[in-house]
$ cat input-v7.cif   # mmCIF, C-alpha atoms
data_start
loop_
_atom_site.label_atom_id
_atom_site.label_comp_id
_atom_site.auth_asym_id
_atom_site.auth_seq_id
_atom_site.Cartn_x
_atom_site.Cartn_y
_atom_site.Cartn_z
CA MET A 1 205.94 14.78 -199.51
CA PRO A 2 207.86 16.26 -196.60
CA ILE A 3 211.32 14.90 -197.42
CA GLN A 4 214.50 16.86 -197.00
CA PRO A 5 216.10 18.32 -200.14
CA HIS A 6 219.08 15.96 -200.23
CA THR A 7 216.99 12.79 -199.90
CA ARG A 8 213.85 13.59 -201.82
CA ARG A 9 213.04 11.31 -204.73
CA LEU A 10 216.42 9.65 -205.15
CA PRO A 11 216.08 7.25 -208.08
CA ILE A 12 216.64 3.53 -208.32
CA SER A 13 218.94 3.13 -211.31
CA ILE A 14 217.07 0.19 -212.84
CA ALA A 15 215.21 0.35 -216.12
CA GLY A 16 211.45 0.23 -215.59
CA LEU A 17 208.63 -0.75 -217.87
CA ILE A 18 205.26 0.96 -217.69
CA ALA A 19 202.48 -1.16 -219.14
CA LEU A 20 199.51 1.00 -220.01
CA ALA A 21 195.91 0.07 -220.77
CA LEU A 22 193.65 2.78 -222.13
CA ALA A 23 189.94 2.24 -221.57
CA ALA A 24 187.10 4.36 -222.79
CA PHE A 25 185.76 6.70 -220.12
CA ALA A 26 185.16 6.05 -216.39
CA ILE A 27 188.43 5.18 -214.63
CA LYS A 28 191.32 4.19 -216.87
CA THR A 29 193.94 2.12 -215.10
CA VAL A 30 197.61 1.72 -215.90
CA ILE A 31 199.49 -1.27 -214.58
CA SER A 32 203.17 -0.58 -213.89
CA HIS A 33 206.23 -2.76 -213.69
CA LYS A 34 207.17 -3.27 -210.04
CA ARG A 35 210.42 -1.31 -210.48
CA SER A 36 209.11 1.65 -212.46
CA GLN A 37 208.40 4.98 -210.77
CA PRO A 38 206.24 7.24 -212.98
CA GLU A 39 207.05 10.78 -211.86
CA SER A 40 205.45 13.10 -214.38
CA LEU A 41 203.18 12.78 -217.38
CA THR A 42 201.85 14.84 -220.24
CA MET A 43 199.33 14.41 -223.03
CA ALA A 44 200.54 15.04 -226.57
CA PRO A 45 198.32 15.81 -229.59
CA GLY A 46 196.17 12.87 -230.61
CA GLY A 47 195.92 11.56 -227.06
CA MET A 48 199.49 10.28 -226.87
CA LEU A 49 200.49 9.84 -223.22
CA LEU A 50 204.14 10.48 -222.31
CA VAL A 51 205.43 9.35 -218.91
CA GLY A 52 208.79 10.22 -217.34
CA SER A 53 210.44 7.69 -215.04
CA ALA A 54 212.20 8.62 -211.80
CA SER A 55 213.78 5.17 -211.56
CA SER A 56 215.21 4.82 -215.06
CA PRO A 57 216.67 6.98 -217.85
CA PHE A 58 213.55 6.69 -220.00
CA VAL A 59 210.46 8.58 -221.08
CA TYR A 60 207.74 6.22 -222.25
CA ARG A 61 205.11 6.83 -224.94
CA MET A 62 201.72 5.15 -225.23
CA ASN A 63 199.76 5.19 -228.45
CA PRO A 64 195.99 5.15 -227.83
CA SER A 65 195.56 2.36 -230.38
CA ALA A 66 198.19 0.12 -228.77
CA SER A 67 198.18 -1.98 -225.63
CA THR A 68 201.85 -1.68 -224.66
CA PRO A 69 204.17 1.30 -224.27
CA GLU A 70 207.36 2.07 -226.11
CA THR A 71 210.55 3.74 -224.95
CA PHE A 72 210.42 7.21 -226.48
CA ILE A 73 213.47 8.87 -224.88
CA ASP A 74 216.52 6.83 -223.88
CA ALA A 75 219.11 8.74 -221.80
CA ARG A 76 221.32 5.83 -220.77
CA THR A 77 224.38 7.56 -222.23
CA GLU A 78 223.92 10.56 -219.92
CA GLY A 79 225.52 8.95 -216.88
CA ARG A 80 224.80 6.37 -214.24
CA GLY A 81 221.52 6.90 -212.40
CA THR A 82 220.04 9.40 -214.88
CA PHE A 83 216.28 9.84 -214.55
CA PHE A 84 213.46 12.23 -215.42
CA PHE A 85 211.19 14.51 -213.43
CA GLY A 86 208.92 16.96 -215.28
CA VAL A 87 207.73 16.28 -218.82
CA LEU A 88 205.61 18.70 -220.86
CA ALA A 89 204.26 18.46 -224.40
CA ASP A 90 204.46 21.78 -226.26
CA ALA A 91 202.21 21.16 -229.26
CA PRO A 92 202.74 24.48 -231.14
CA THR A 93 206.51 23.89 -231.35
CA MET A 94 206.21 20.07 -231.48
CA THR A 95 208.59 19.82 -228.54
CA LEU A 96 208.64 17.49 -225.56
CA TRP A 97 210.28 19.43 -222.73
CA THR A 98 211.86 17.37 -219.97
CA CYS A 99 213.76 17.78 -216.71
CA GLN A 100 216.66 15.34 -216.86
CA LEU A 101 218.69 14.69 -213.69
CA THR A 102 221.93 12.81 -213.12
CA PRO A 103 223.49 12.10 -209.70
CA VAL A 104 227.02 13.41 -209.19
CA PRO A 105 229.15 10.39 -208.22
CA ASP A 106 230.74 10.14 -204.78
CA THR A 107 229.23 13.31 -203.29
CA THR A 108 228.13 13.77 -199.67
CA PRO A 109 225.56 15.14 -199.31
CA ALA A 110 224.29 13.82 -202.62
CA ARG A 111 224.28 16.29 -205.50
CA LEU A 112 222.43 16.31 -208.80
CA HIS A 113 223.14 17.92 -212.14
CA SER A 114 220.01 18.94 -214.06
CA ALA A 115 219.39 19.68 -217.70
CA LEU A 116 216.37 21.13 -219.44
CA ARG A 117 216.06 19.06 -222.59
CA GLY A 118 213.80 19.39 -225.59
CA PHE A 119 212.97 16.54 -227.96
CA ASP A 120 210.97 16.37 -231.16
CA LEU A 121 207.45 15.44 -230.13
CA SER A 122 207.04 13.15 -233.15
CA THR A 123 210.39 11.38 -233.38
CA GLY A 124 212.08 11.87 -230.01
CA ALA A 125 215.13 13.41 -231.69
CA PRO A 126 217.08 15.79 -229.40
CA LYS A 127 216.62 19.46 -230.30
CA PHE A 128 217.52 21.55 -227.21
CA ARG A 129 219.67 21.34 -224.09
CA TRP A 130 220.41 23.81 -221.31
CA ASN A 131 222.21 22.79 -218.13
CA LEU A 132 220.97 24.43 -214.94
CA PRO A 133 223.72 26.42 -213.23
CA GLY A 134 225.35 25.51 -209.93
CA ASP A 135 227.06 22.57 -208.27
CA SER A 136 223.70 20.93 -207.56
CA SER A 137 220.22 21.55 -208.95
CA MET A 138 216.83 19.88 -209.25
CA CYS A 139 214.94 20.75 -212.40
CA ASN A 140 211.47 19.59 -211.41
CA ASP A 141 208.43 20.90 -213.27
CA LEU A 142 207.60 22.90 -216.39
CA ALA A 143 204.85 25.19 -217.70
CA ILE A 144 204.18 27.29 -220.79
CA GLY A 145 203.17 30.86 -219.96
CA PRO A 146 201.88 33.92 -221.81
CA GLY A 147 204.15 34.83 -224.69
CA LYS A 148 204.98 31.13 -225.16
CA SER A 149 207.88 31.24 -222.70
CA LEU A 150 208.75 28.07 -220.81
CA TYR A 151 209.01 28.28 -217.00
CA ILE A 152 211.15 25.84 -215.01
CA THR A 153 211.37 25.16 -211.26
CA ASP A 154 214.62 24.31 -209.44
CA THR A 155 213.36 22.79 -206.20
CA VAL A 156 216.42 22.62 -203.95
CA ASN A 157 217.68 26.11 -204.83
CA GLY A 158 214.37 27.98 -204.68
CA ARG A 159 214.73 29.20 -208.24
CA ILE A 160 212.39 29.72 -211.18
CA PHE A 161 213.86 30.08 -214.66
CA ARG A 162 212.27 31.28 -217.89
CA LEU A 163 213.20 30.22 -221.40
CA GLN A 164 211.92 32.70 -223.96
CA PRO A 165 211.01 31.56 -227.49
CA SER A 166 214.05 31.00 -229.71
CA ALA A 167 216.46 31.63 -226.80
CA SER A 168 219.44 29.31 -226.39
CA ALA A 169 219.50 29.55 -222.59
CA ALA A 170 217.03 30.18 -219.81
CA GLU A 171 217.19 33.27 -217.58
CA LEU A 172 216.72 33.46 -213.83
CA LEU A 173 213.26 34.87 -213.11
CA LEU A 174 213.19 34.56 -209.32
CA GLU A 175 215.29 33.16 -206.47
CA ARG A 176 214.06 33.27 -202.87
CA ARG A 177 214.44 31.36 -199.61
CA ASP A 178 210.67 30.89 -199.33
CA LEU A 179 210.77 29.17 -202.72
CA ILE A 180 213.17 26.45 -201.57
CA GLY A 181 210.93 23.47 -202.22
CA VAL A 182 209.22 25.01 -205.25
CA ASP A 183 207.79 22.17 -207.30
CA GLY A 184 204.55 22.37 -209.29
CA ILE A 185 204.13 25.28 -211.66
CA THR A 186 201.25 26.36 -213.90
CA PHE A 187 199.24 29.25 -215.30
CA LEU A 188 195.54 29.62 -214.52
CA ASP A 189 193.79 32.06 -216.85
CA GLY A 190 197.15 33.74 -217.49
CA THR A 191 198.05 34.03 -213.80
CA PHE A 192 201.20 32.34 -212.51
CA TYR A 193 201.01 29.84 -209.61
CA VAL A 194 203.64 27.64 -207.94
CA ASP A 195 203.50 25.29 -204.98
CA ASN A 196 206.10 24.34 -202.37
CA VAL A 197 206.45 20.64 -201.62
CA PHE A 198 208.53 21.29 -198.47
CA THR A 199 206.39 23.96 -196.79
CA ASP A 200 202.89 23.07 -198.14
CA HIS A 201 202.25 26.55 -199.54
CA LEU A 202 200.61 27.74 -202.74
CA PHE A 203 201.84 31.03 -204.20
CA ARG A 204 200.67 33.42 -206.87
CA ILE A 205 203.43 35.40 -208.59
CA ALA A 206 202.69 38.51 -210.62
CA ILE A 207 204.77 39.14 -213.74
CA ASP A 208 204.72 42.73 -215.02
CA ALA A 209 204.73 43.97 -218.60
CA ASP A 210 208.53 44.07 -218.61
CA GLY A 211 208.73 40.42 -217.57
CA HIS A 212 209.81 41.05 -213.97
CA ALA A 213 208.43 38.82 -211.22
CA GLY A 214 206.87 40.28 -208.09
CA GLN A 215 206.93 38.96 -204.55
CA PRO A 216 205.10 35.63 -204.14
CA VAL A 217 201.63 36.01 -202.59
CA ASP A 218 200.67 33.19 -200.22
CA ILE A 219 197.19 31.88 -201.08
CA ALA A 220 195.17 31.21 -197.93
CA LEU A 221 193.57 27.79 -198.32
CA ASP A 222 190.42 26.65 -196.52
CA HIS A 223 191.88 23.17 -196.12
CA PRO A 224 195.57 22.29 -195.68
CA ILE A 225 197.46 20.57 -198.47
CA LYS A 226 200.39 18.29 -197.73
CA GLY A 227 203.35 17.85 -200.02
CA PRO A 228 201.88 19.66 -203.04
CA ASP A 229 203.77 18.29 -206.02
CA GLY A 230 202.81 18.33 -209.70
CA MET A 231 200.17 20.95 -210.57
CA ARG A 232 198.15 21.78 -213.68
CA ALA A 233 195.25 24.10 -214.49
CA ALA A 234 192.02 23.42 -216.38
CA ASN A 235 188.40 24.56 -216.37
CA GLY A 236 189.12 27.49 -214.04
CA ARG A 237 190.75 25.40 -211.31
CA LEU A 238 194.14 24.20 -210.16
CA PHE A 239 194.65 20.44 -209.92
CA VAL A 240 197.33 19.36 -207.44
CA ALA A 241 198.94 16.01 -206.62
CA GLU A 242 199.53 15.96 -202.85
CA SER A 243 202.41 13.52 -202.45
CA GLY A 244 202.41 13.93 -198.67
CA SER A 245 198.74 13.09 -198.13
CA GLY A 246 198.01 10.71 -200.99
CA ARG A 247 195.34 12.99 -202.42
CA ILE A 248 194.45 14.67 -205.68
CA SER A 249 192.86 18.06 -205.03
CA ALA A 250 191.13 20.75 -207.05
CA ILE A 251 191.61 24.34 -205.87
CA SER A 252 189.31 27.20 -206.81
CA ILE A 253 190.92 30.62 -206.42
CA GLU A 254 189.12 33.82 -205.46
CA GLY A 255 191.41 36.74 -204.74
CA GLU A 256 193.99 35.61 -202.23
CA LYS A 257 191.92 32.68 -200.98
CA GLY A 258 191.60 29.15 -202.25
CA SER A 259 188.90 26.52 -201.75
CA VAL A 260 190.23 22.94 -201.73
CA ALA A 261 188.13 19.96 -202.85
CA THR A 262 189.37 16.36 -202.67
CA LEU A 263 188.97 14.43 -205.92
CA LYS A 264 190.81 11.24 -205.02
CA GLU A 265 192.44 9.97 -201.84
CA GLY A 266 194.09 6.84 -200.53
CA LEU A 267 196.96 7.03 -203.04
CA LYS A 268 200.49 6.13 -202.04
CA THR A 269 202.66 8.95 -203.43
CA PRO A 270 200.95 10.89 -206.22
CA THR A 271 203.42 13.20 -207.94
CA ALA A 272 201.71 14.46 -211.09
CA VAL A 273 198.35 15.31 -212.66
CA GLU A 274 197.41 15.98 -216.27
CA PRO A 275 193.91 17.18 -217.19
CA ALA A 276 192.90 15.86 -220.60
CA GLU A 277 189.36 16.50 -221.87
CA ASP A 278 187.07 14.17 -219.87
CA ALA A 279 189.76 12.76 -217.57
CA ILE A 280 192.55 13.64 -215.17
CA TRP A 281 195.62 11.46 -215.51
CA ILE A 282 197.58 10.77 -212.32
CA ALA A 283 201.09 9.47 -211.68
CA ASP A 284 201.16 7.62 -208.35
CA ARG A 285 204.87 7.14 -208.07
CA GLY A 286 204.78 5.30 -204.76
CA ALA A 287 202.37 2.69 -206.16
CA ARG A 288 204.29 2.54 -209.45
CA ARG A 289 201.20 3.12 -211.53
CA THR A 290 199.55 5.70 -213.73
CA PHE A 291 195.79 5.96 -214.07
CA SER A 292 193.01 8.42 -214.68
CA ILE A 293 189.77 9.53 -213.06
CA PRO A 294 186.83 11.33 -214.67
CA MET A 295 187.13 15.09 -214.93
CA PRO A 296 184.83 16.63 -212.30
CA LYS A 297 181.92 18.69 -213.55
#

$ encode --input "input-v7.cif" --output "structure tokens"
Amino acid sequence: MPIQPHTRRLPISIAGLIALALAAFAIKTVISHKRSQPESLTMAPGGMLLVGSASSPFVYRMNPSASTPETFIDARTEGRGTFFFGVLADAPTMTLWTCQLTPVPDTTPARLHSALRGFDLSTGAPKFRWNLPGDSSMCNDLAIGPGKSLYITDTVNGRIFRLQPSASAAELLLERRDLIGVDGITFLDGTFYVDNVFTDHLFRIAIDADGHAGQPVDIALDHPIKGPDGMRAANGRLFVAESGSGRISAISIEGEKGSVATLKEGLKTPTAVEPAEDAIWIADRGARRTFSIPMPK
């Protein structure tokens, strides 16, 4: 959604509870506590749904055989107002990667400190931490790329970081003014794509054999997108949560052009999508609910 960097997605520091109900096929609906704000979600092996909260210091886990969620990650000791943006299940390493953010007290304009954190996907035990550099940062979304490296967006600073396997710290891959607002990040058939929630652009970024990133290529879309937020790839398409328009869109790419199809509209503030076999899970943060729609043919 088109919100300025210093005011976008500021959390309410109140613990939320996400009550999930998994149905079998068609539309699966998740009923949320009125104070929870599901920001990102990911599907772990076995169909386990993990949901990060932007209004509380928790990541929730839902077992398919249960009817209520459990608190999987509890970051209350990390500082007042701590919350989570991106979450990503990395099955081969059994790691849940998260973007953890904590407001810096008494700062004007408001500043955030971000940490990339990794937790054991089975137990929730902490296993990795790397603090993003700078006085203020916004770790936002995550993707696994070729070579099993993890890619991380820093929205307010226009930066993309890369954490290589077994490394103890991420490296700066790219920093540009036209990436200020970079949010969703994914790989489609091995090709790197990011979106910009401030400027409504979709970019393709080439990475050469030496691991260097090229200049972002602006994908010309046949229909405008507004506030592109969380983004994932599946079945040869990009799936994008448009927080500014209340839509979920699928984008087919051909060369430097993209064809946009609307899958769901009328949402309040969708911030994340997660394709999972026959369904697409959606986090509608503004409506404080998580639900799914059938995967389009």

$ resolve_selection --input "input-v7.cif" --expression "the PyMOL selection byres ((chain A and resi 181-185) around 9)" --output "PyMOL selection string"
chain A and resi 5+139-143+151-160+178-180+186-187+192-199+228-232+240-241+272

$ write_last_selection --input "input-v7.cif" --atoms "C-alpha atoms" --output "PDB file, in the coordinates of the input"
ATOM      1  CA  PRO A   5     216.100  18.320-200.140  1.00  0.00           C
ATOM      2  CA  CYS A 139     214.940  20.750-212.400  1.00  0.00           C
ATOM      3  CA  ASN A 140     211.470  19.590-211.410  1.00  0.00           C
ATOM      4  CA  ASP A 141     208.430  20.900-213.270  1.00  0.00           C
ATOM      5  CA  LEU A 142     207.600  22.900-216.390  1.00  0.00           C
ATOM      6  CA  ALA A 143     204.850  25.190-217.700  1.00  0.00           C
ATOM      7  CA  TYR A 151     209.010  28.280-217.000  1.00  0.00           C
ATOM      8  CA  ILE A 152     211.150  25.840-215.010  1.00  0.00           C
ATOM      9  CA  THR A 153     211.370  25.160-211.260  1.00  0.00           C
ATOM     10  CA  ASP A 154     214.620  24.310-209.440  1.00  0.00           C
ATOM     11  CA  THR A 155     213.360  22.790-206.200  1.00  0.00           C
ATOM     12  CA  VAL A 156     216.420  22.620-203.950  1.00  0.00           C
ATOM     13  CA  ASN A 157     217.680  26.110-204.830  1.00  0.00           C
ATOM     14  CA  GLY A 158     214.370  27.980-204.680  1.00  0.00           C
ATOM     15  CA  ARG A 159     214.730  29.200-208.240  1.00  0.00           C
ATOM     16  CA  ILE A 160     212.390  29.720-211.180  1.00  0.00           C
ATOM     17  CA  ASP A 178     210.670  30.890-199.330  1.00  0.00           C
ATOM     18  CA  LEU A 179     210.770  29.170-202.720  1.00  0.00           C
ATOM     19  CA  ILE A 180     213.170  26.450-201.570  1.00  0.00           C
ATOM     20  CA  THR A 186     201.250  26.360-213.900  1.00  0.00           C
ATOM     21  CA  PHE A 187     199.240  29.250-215.300  1.00  0.00           C
ATOM     22  CA  PHE A 192     201.200  32.340-212.510  1.00  0.00           C
ATOM     23  CA  TYR A 193     201.010  29.840-209.610  1.00  0.00           C
ATOM     24  CA  VAL A 194     203.640  27.640-207.940  1.00  0.00           C
ATOM     25  CA  ASP A 195     203.500  25.290-204.980  1.00  0.00           C
ATOM     26  CA  ASN A 196     206.100  24.340-202.370  1.00  0.00           C
ATOM     27  CA  VAL A 197     206.450  20.640-201.620  1.00  0.00           C
ATOM     28  CA  PHE A 198     208.530  21.290-198.470  1.00  0.00           C
ATOM     29  CA  THR A 199     206.390  23.960-196.790  1.00  0.00           C
ATOM     30  CA  PRO A 228     201.880  19.660-203.040  1.00  0.00           C
ATOM     31  CA  ASP A 229     203.770  18.290-206.020  1.00  0.00           C
ATOM     32  CA  GLY A 230     202.810  18.330-209.700  1.00  0.00           C
ATOM     33  CA  MET A 231     200.170  20.950-210.570  1.00  0.00           C
ATOM     34  CA  ARG A 232     198.150  21.780-213.680  1.00  0.00           C
ATOM     35  CA  VAL A 240     197.330  19.360-207.440  1.00  0.00           C
ATOM     36  CA  ALA A 241     198.940  16.010-206.620  1.00  0.00           C
ATOM     37  CA  ALA A 272     201.710  14.460-211.090  1.00  0.00           C
TER      38      ALA A 272
END

$ residues_around --input "input-v7.cif" --residues "Asp74 (chain A)" --least-positions-apart "3" --cutoff "7 Å" --atoms "only C-alpha atoms" --output "PDB file with C-alpha atoms, in the coordinates of the input"
ATOM      1  CA  PRO A  57     216.670   6.980-217.850  1.00  0.00           C
ATOM      2  CA  PHE A  58     213.550   6.690-220.000  1.00  0.00           C
ATOM      3  CA  VAL A  59     210.460   8.580-221.080  1.00  0.00           C
ATOM      4  CA  THR A  71     210.550   3.740-224.950  1.00  0.00           C
TER       5      THR A  71
END

$ closest_residue --input "input-v7.cif" --among "A:Leu101, A:Leu121, A:Leu116, A:Ile280" --to "Ile73 (chain A)" --atoms "only C-alpha atoms"
A:Leu121

$ residues_around --input "input-v7.cif" --residues "region 134-136 of chain A" --least-positions-apart "3" --cutoff "7 Å" --atoms "all atoms listed in the file" --output "list in words"
Arg111, Leu112 and His113 of chain A

$ write_last_selection --input "input-v7.cif" --atoms "C-alpha atoms" --output "PDB file, in the coordinates of the input"
ATOM      1  CA  ARG A 111     224.280  16.290-205.500  1.00  0.00           C
ATOM      2  CA  LEU A 112     222.430  16.310-208.800  1.00  0.00           C
ATOM      3  CA  HIS A 113     223.140  17.920-212.140  1.00  0.00           C
TER       4      HIS A 113
END

$ resolve_selection --input "input-v7.cif" --expression "the PyMOL selection byres ((chain A and resi 287) around 9)" --output "list in words"
Ser32, Lys34, Gln37, Leu267, Lys268, Thr269, Pro270, Ala283, Asp284, Arg285, Gly286, Arg288, Arg289 and Thr290 of chain A

$ atom_distance --input "input-v7.cif" --atom1 "CA of Phe84 (chain A)" --atom2 "CA of Gly52 (chain A)"
5.4 Å

$ resolve_selection --input "input-v7.cif" --expression "the PyMOL selection byres ((chain A and resi 147) around 12)" --output "list in words"
Ala143, Ile144, Gly145, Pro146, Lys148, Ser149, Leu150, Tyr151, Arg162, Leu163, Gln164, Pro165, Ser166, Phe187, Gly190, Ile207, Ala209, Asp210 and Gly211 of chain A

$ atom_distance --input "input-v7.cif" --atom1 "CA of Val217 (chain A)" --atom2 "CA of Asp189 (chain A)"
16.7 Å

$ closest_residue --input "input-v7.cif" --among "A:Arg176, A:Trp281, A:Pro296, A:Pro216" --to "Met43 (chain A)" --atoms "all atoms listed in the file"
A:Trp281

$ closest_residue --input "input-v7.cif" --among "A:Phe83, A:Phe128, A:Phe161, A:Phe239" --to "Ser259 (chain A)" --atoms "only C-alpha atoms"
A:Phe239

$ closest_residue --input "input-v7.cif" --among "A:Ala89, A:Thr191, A:Pro69, A:Gly214" --to "Gly46 (chain A)" --atoms "all atoms listed in the file"
A:Ala89

$ atom_distance --input "input-v7.cif" --atom1 "CA of Thr93 (chain A)" --atom2 "CA of Ala234 (chain A)"
20.8 Å

$ closest_residue --input "input-v7.cif" --among "A:Ser137, A:Thr42, A:Ser55, A:Thr82" --to "Leu96 (chain A)" --atoms "only C-alpha atoms"
A:Thr42

$ residues_near_point --input "input-v7.cif" --point "(215.3, 18.1, -227.2)" --cutoff "7 Å" --atoms "all atoms listed in the file" --output "PyMOL selection string"
chain A and resi 96-97+117-120+125-129

$ closest_residue --input "input-v7.cif" --among "A:Ser252, A:Ser168, A:Asn235, A:Ser245" --to "Glu265 (chain A)" --atoms "all atoms listed in the file"
A:Ser245

$ build_atoms --input "input-v7.cif" --residues "region 79-87 of chain A" --atoms "all heavy atoms" --output "PDB file, in the coordinates of the input"
ATOM      1  N   GLY A  79     224.865   9.166-218.169  1.00  0.00           N
ATOM      2  CA  GLY A  79     225.520   8.950-216.880  1.00  0.00           C
ATOM      3  C   GLY A  79     224.717   8.019-216.001  1.00  0.00           C
ATOM      4  O   GLY A  79     223.492   7.932-216.101  1.00  0.00           O
ATOM      5  N   ARG A  80     225.406   7.346-215.128  1.00  0.00           N
ATOM      6  CA  ARG A  80     224.800   6.370-214.240  1.00  0.00           C
ATOM      7  C   ARG A  80     223.744   7.022-213.345  1.00  0.00           C
ATOM      8  O   ARG A  80     223.999   8.052-212.730  1.00  0.00           O
ATOM      9  CB  ARG A  80     225.867   5.700-213.382  1.00  0.00           C
ATOM     10  CG  ARG A  80     225.344   4.586-212.487  1.00  0.00           C
ATOM     11  CD  ARG A  80     226.488   3.943-211.719  1.00  0.00           C
ATOM     12  NE  ARG A  80     226.020   2.891-210.831  1.00  0.00           N
ATOM     13  CZ  ARG A  80     225.801   1.634-211.202  1.00  0.00           C
ATOM     14  NH1 ARG A  80     226.039   1.278-212.446  1.00  0.00           N
ATOM     15  NH2 ARG A  80     225.368   0.739-210.326  1.00  0.00           N
ATOM     16  N   GLY A  81     222.583   6.417-213.287  1.00  0.00           N
ATOM     17  CA  GLY A  81     221.520   6.900-212.400  1.00  0.00           C
ATOM     18  C   GLY A  81     220.664   7.997-212.993  1.00  0.00           C
ATOM     19  O   GLY A  81     219.800   8.540-212.294  1.00  0.00           O
ATOM     20  N   THR A  82     220.847   8.346-214.262  1.00  0.00           N
ATOM     21  CA  THR A  82     220.040   9.400-214.880  1.00  0.00           C
ATOM     22  C   THR A  82     218.566   9.042-214.852  1.00  0.00           C
ATOM     23  O   THR A  82     218.183   7.877-215.046  1.00  0.00           O
ATOM     24  CB  THR A  82     220.496   9.631-216.340  1.00  0.00           C
ATOM     25  OG1 THR A  82     221.824  10.165-216.331  1.00  0.00           O
ATOM     26  CG2 THR A  82     219.579  10.599-217.064  1.00  0.00           C
ATOM     27  N   PHE A  83     217.725  10.046-214.623  1.00  0.00           N
ATOM     28  CA  PHE A  83     216.280   9.840-214.550  1.00  0.00           C
ATOM     29  C   PHE A  83     215.580  11.122-214.955  1.00  0.00           C
ATOM     30  O   PHE A  83     216.214  12.136-215.249  1.00  0.00           O
ATOM     31  CB  PHE A  83     215.857   9.390-213.146  1.00  0.00           C
ATOM     32  CG  PHE A  83     216.185  10.380-212.045  1.00  0.00           C
ATOM     33  CD1 PHE A  83     215.193  11.183-211.500  1.00  0.00           C
ATOM     34  CD2 PHE A  83     217.480  10.505-211.553  1.00  0.00           C
ATOM     35  CE1 PHE A  83     215.492  12.095-210.479  1.00  0.00           C
ATOM     36  CE2 PHE A  83     217.777  11.407-210.541  1.00  0.00           C
ATOM     37  CZ  PHE A  83     216.786  12.205-210.005  1.00  0.00           C
ATOM     38  N   PHE A  84     214.252  11.082-214.971  1.00  0.00           N
ATOM     39  CA  PHE A  84     213.460  12.230-215.420  1.00  0.00           C
ATOM     40  C   PHE A  84     212.445  12.640-214.363  1.00  0.00           C
ATOM     41  O   PHE A  84     211.812  11.805-213.725  1.00  0.00           O
ATOM     42  CB  PHE A  84     212.715  11.908-216.712  1.00  0.00           C
ATOM     43  CG  PHE A  84     213.609  11.813-217.918  1.00  0.00           C
ATOM     44  CD1 PHE A  84     214.116  10.579-218.323  1.00  0.00           C
ATOM     45  CD2 PHE A  84     213.960  12.942-218.637  1.00  0.00           C
ATOM     46  CE1 PHE A  84     214.944  10.487-219.429  1.00  0.00           C
ATOM     47  CE2 PHE A  84     214.791  12.856-219.743  1.00  0.00           C
ATOM     48  CZ  PHE A  84     215.282  11.627-220.138  1.00  0.00           C
ATOM     49  N   PHE A  85     212.297  13.961-214.201  1.00  0.00           N
ATOM     50  CA  PHE A  85     211.190  14.510-213.430  1.00  0.00           C
ATOM     51  C   PHE A  85     210.150  15.071-214.407  1.00  0.00           C
ATOM     52  O   PHE A  85     209.506  14.316-215.115  1.00  0.00           O
ATOM     53  CB  PHE A  85     211.692  15.566-212.444  1.00  0.00           C
ATOM     54  CG  PHE A  85     212.126  15.004-211.112  1.00  0.00           C
ATOM     55  CD1 PHE A  85     212.636  15.850-210.134  1.00  0.00           C
ATOM     56  CD2 PHE A  85     212.042  13.660-210.814  1.00  0.00           C
ATOM     57  CE1 PHE A  85     213.039  15.359-208.898  1.00  0.00           C
ATOM     58  CE2 PHE A  85     212.431  13.152-209.587  1.00  0.00           C
ATOM     59  CZ  PHE A  85     212.936  14.015-208.623  1.00  0.00           C
ATOM     60  N   GLY A  86     209.989  16.382-214.480  1.00  0.00           N
ATOM     61  CA  GLY A  86     208.920  16.960-215.280  1.00  0.00           C
ATOM     62  C   GLY A  86     209.010  16.642-216.758  1.00  0.00           C
ATOM     63  O   GLY A  86     210.098  16.607-217.333  1.00  0.00           O
ATOM     64  N   VAL A  87     207.849  16.393-217.366  1.00  0.00           N
ATOM     65  CA  VAL A  87     207.730  16.280-218.820  1.00  0.00           C
ATOM     66  C   VAL A  87     206.548  17.143-219.245  1.00  0.00           C
ATOM     67  O   VAL A  87     205.542  17.226-218.544  1.00  0.00           O
ATOM     68  CB  VAL A  87     207.537  14.824-219.290  1.00  0.00           C
ATOM     69  CG1 VAL A  87     208.775  13.989-218.990  1.00  0.00           C
ATOM     70  CG2 VAL A  87     206.305  14.187-218.657  1.00  0.00           C
TER      71      VAL A  87
END
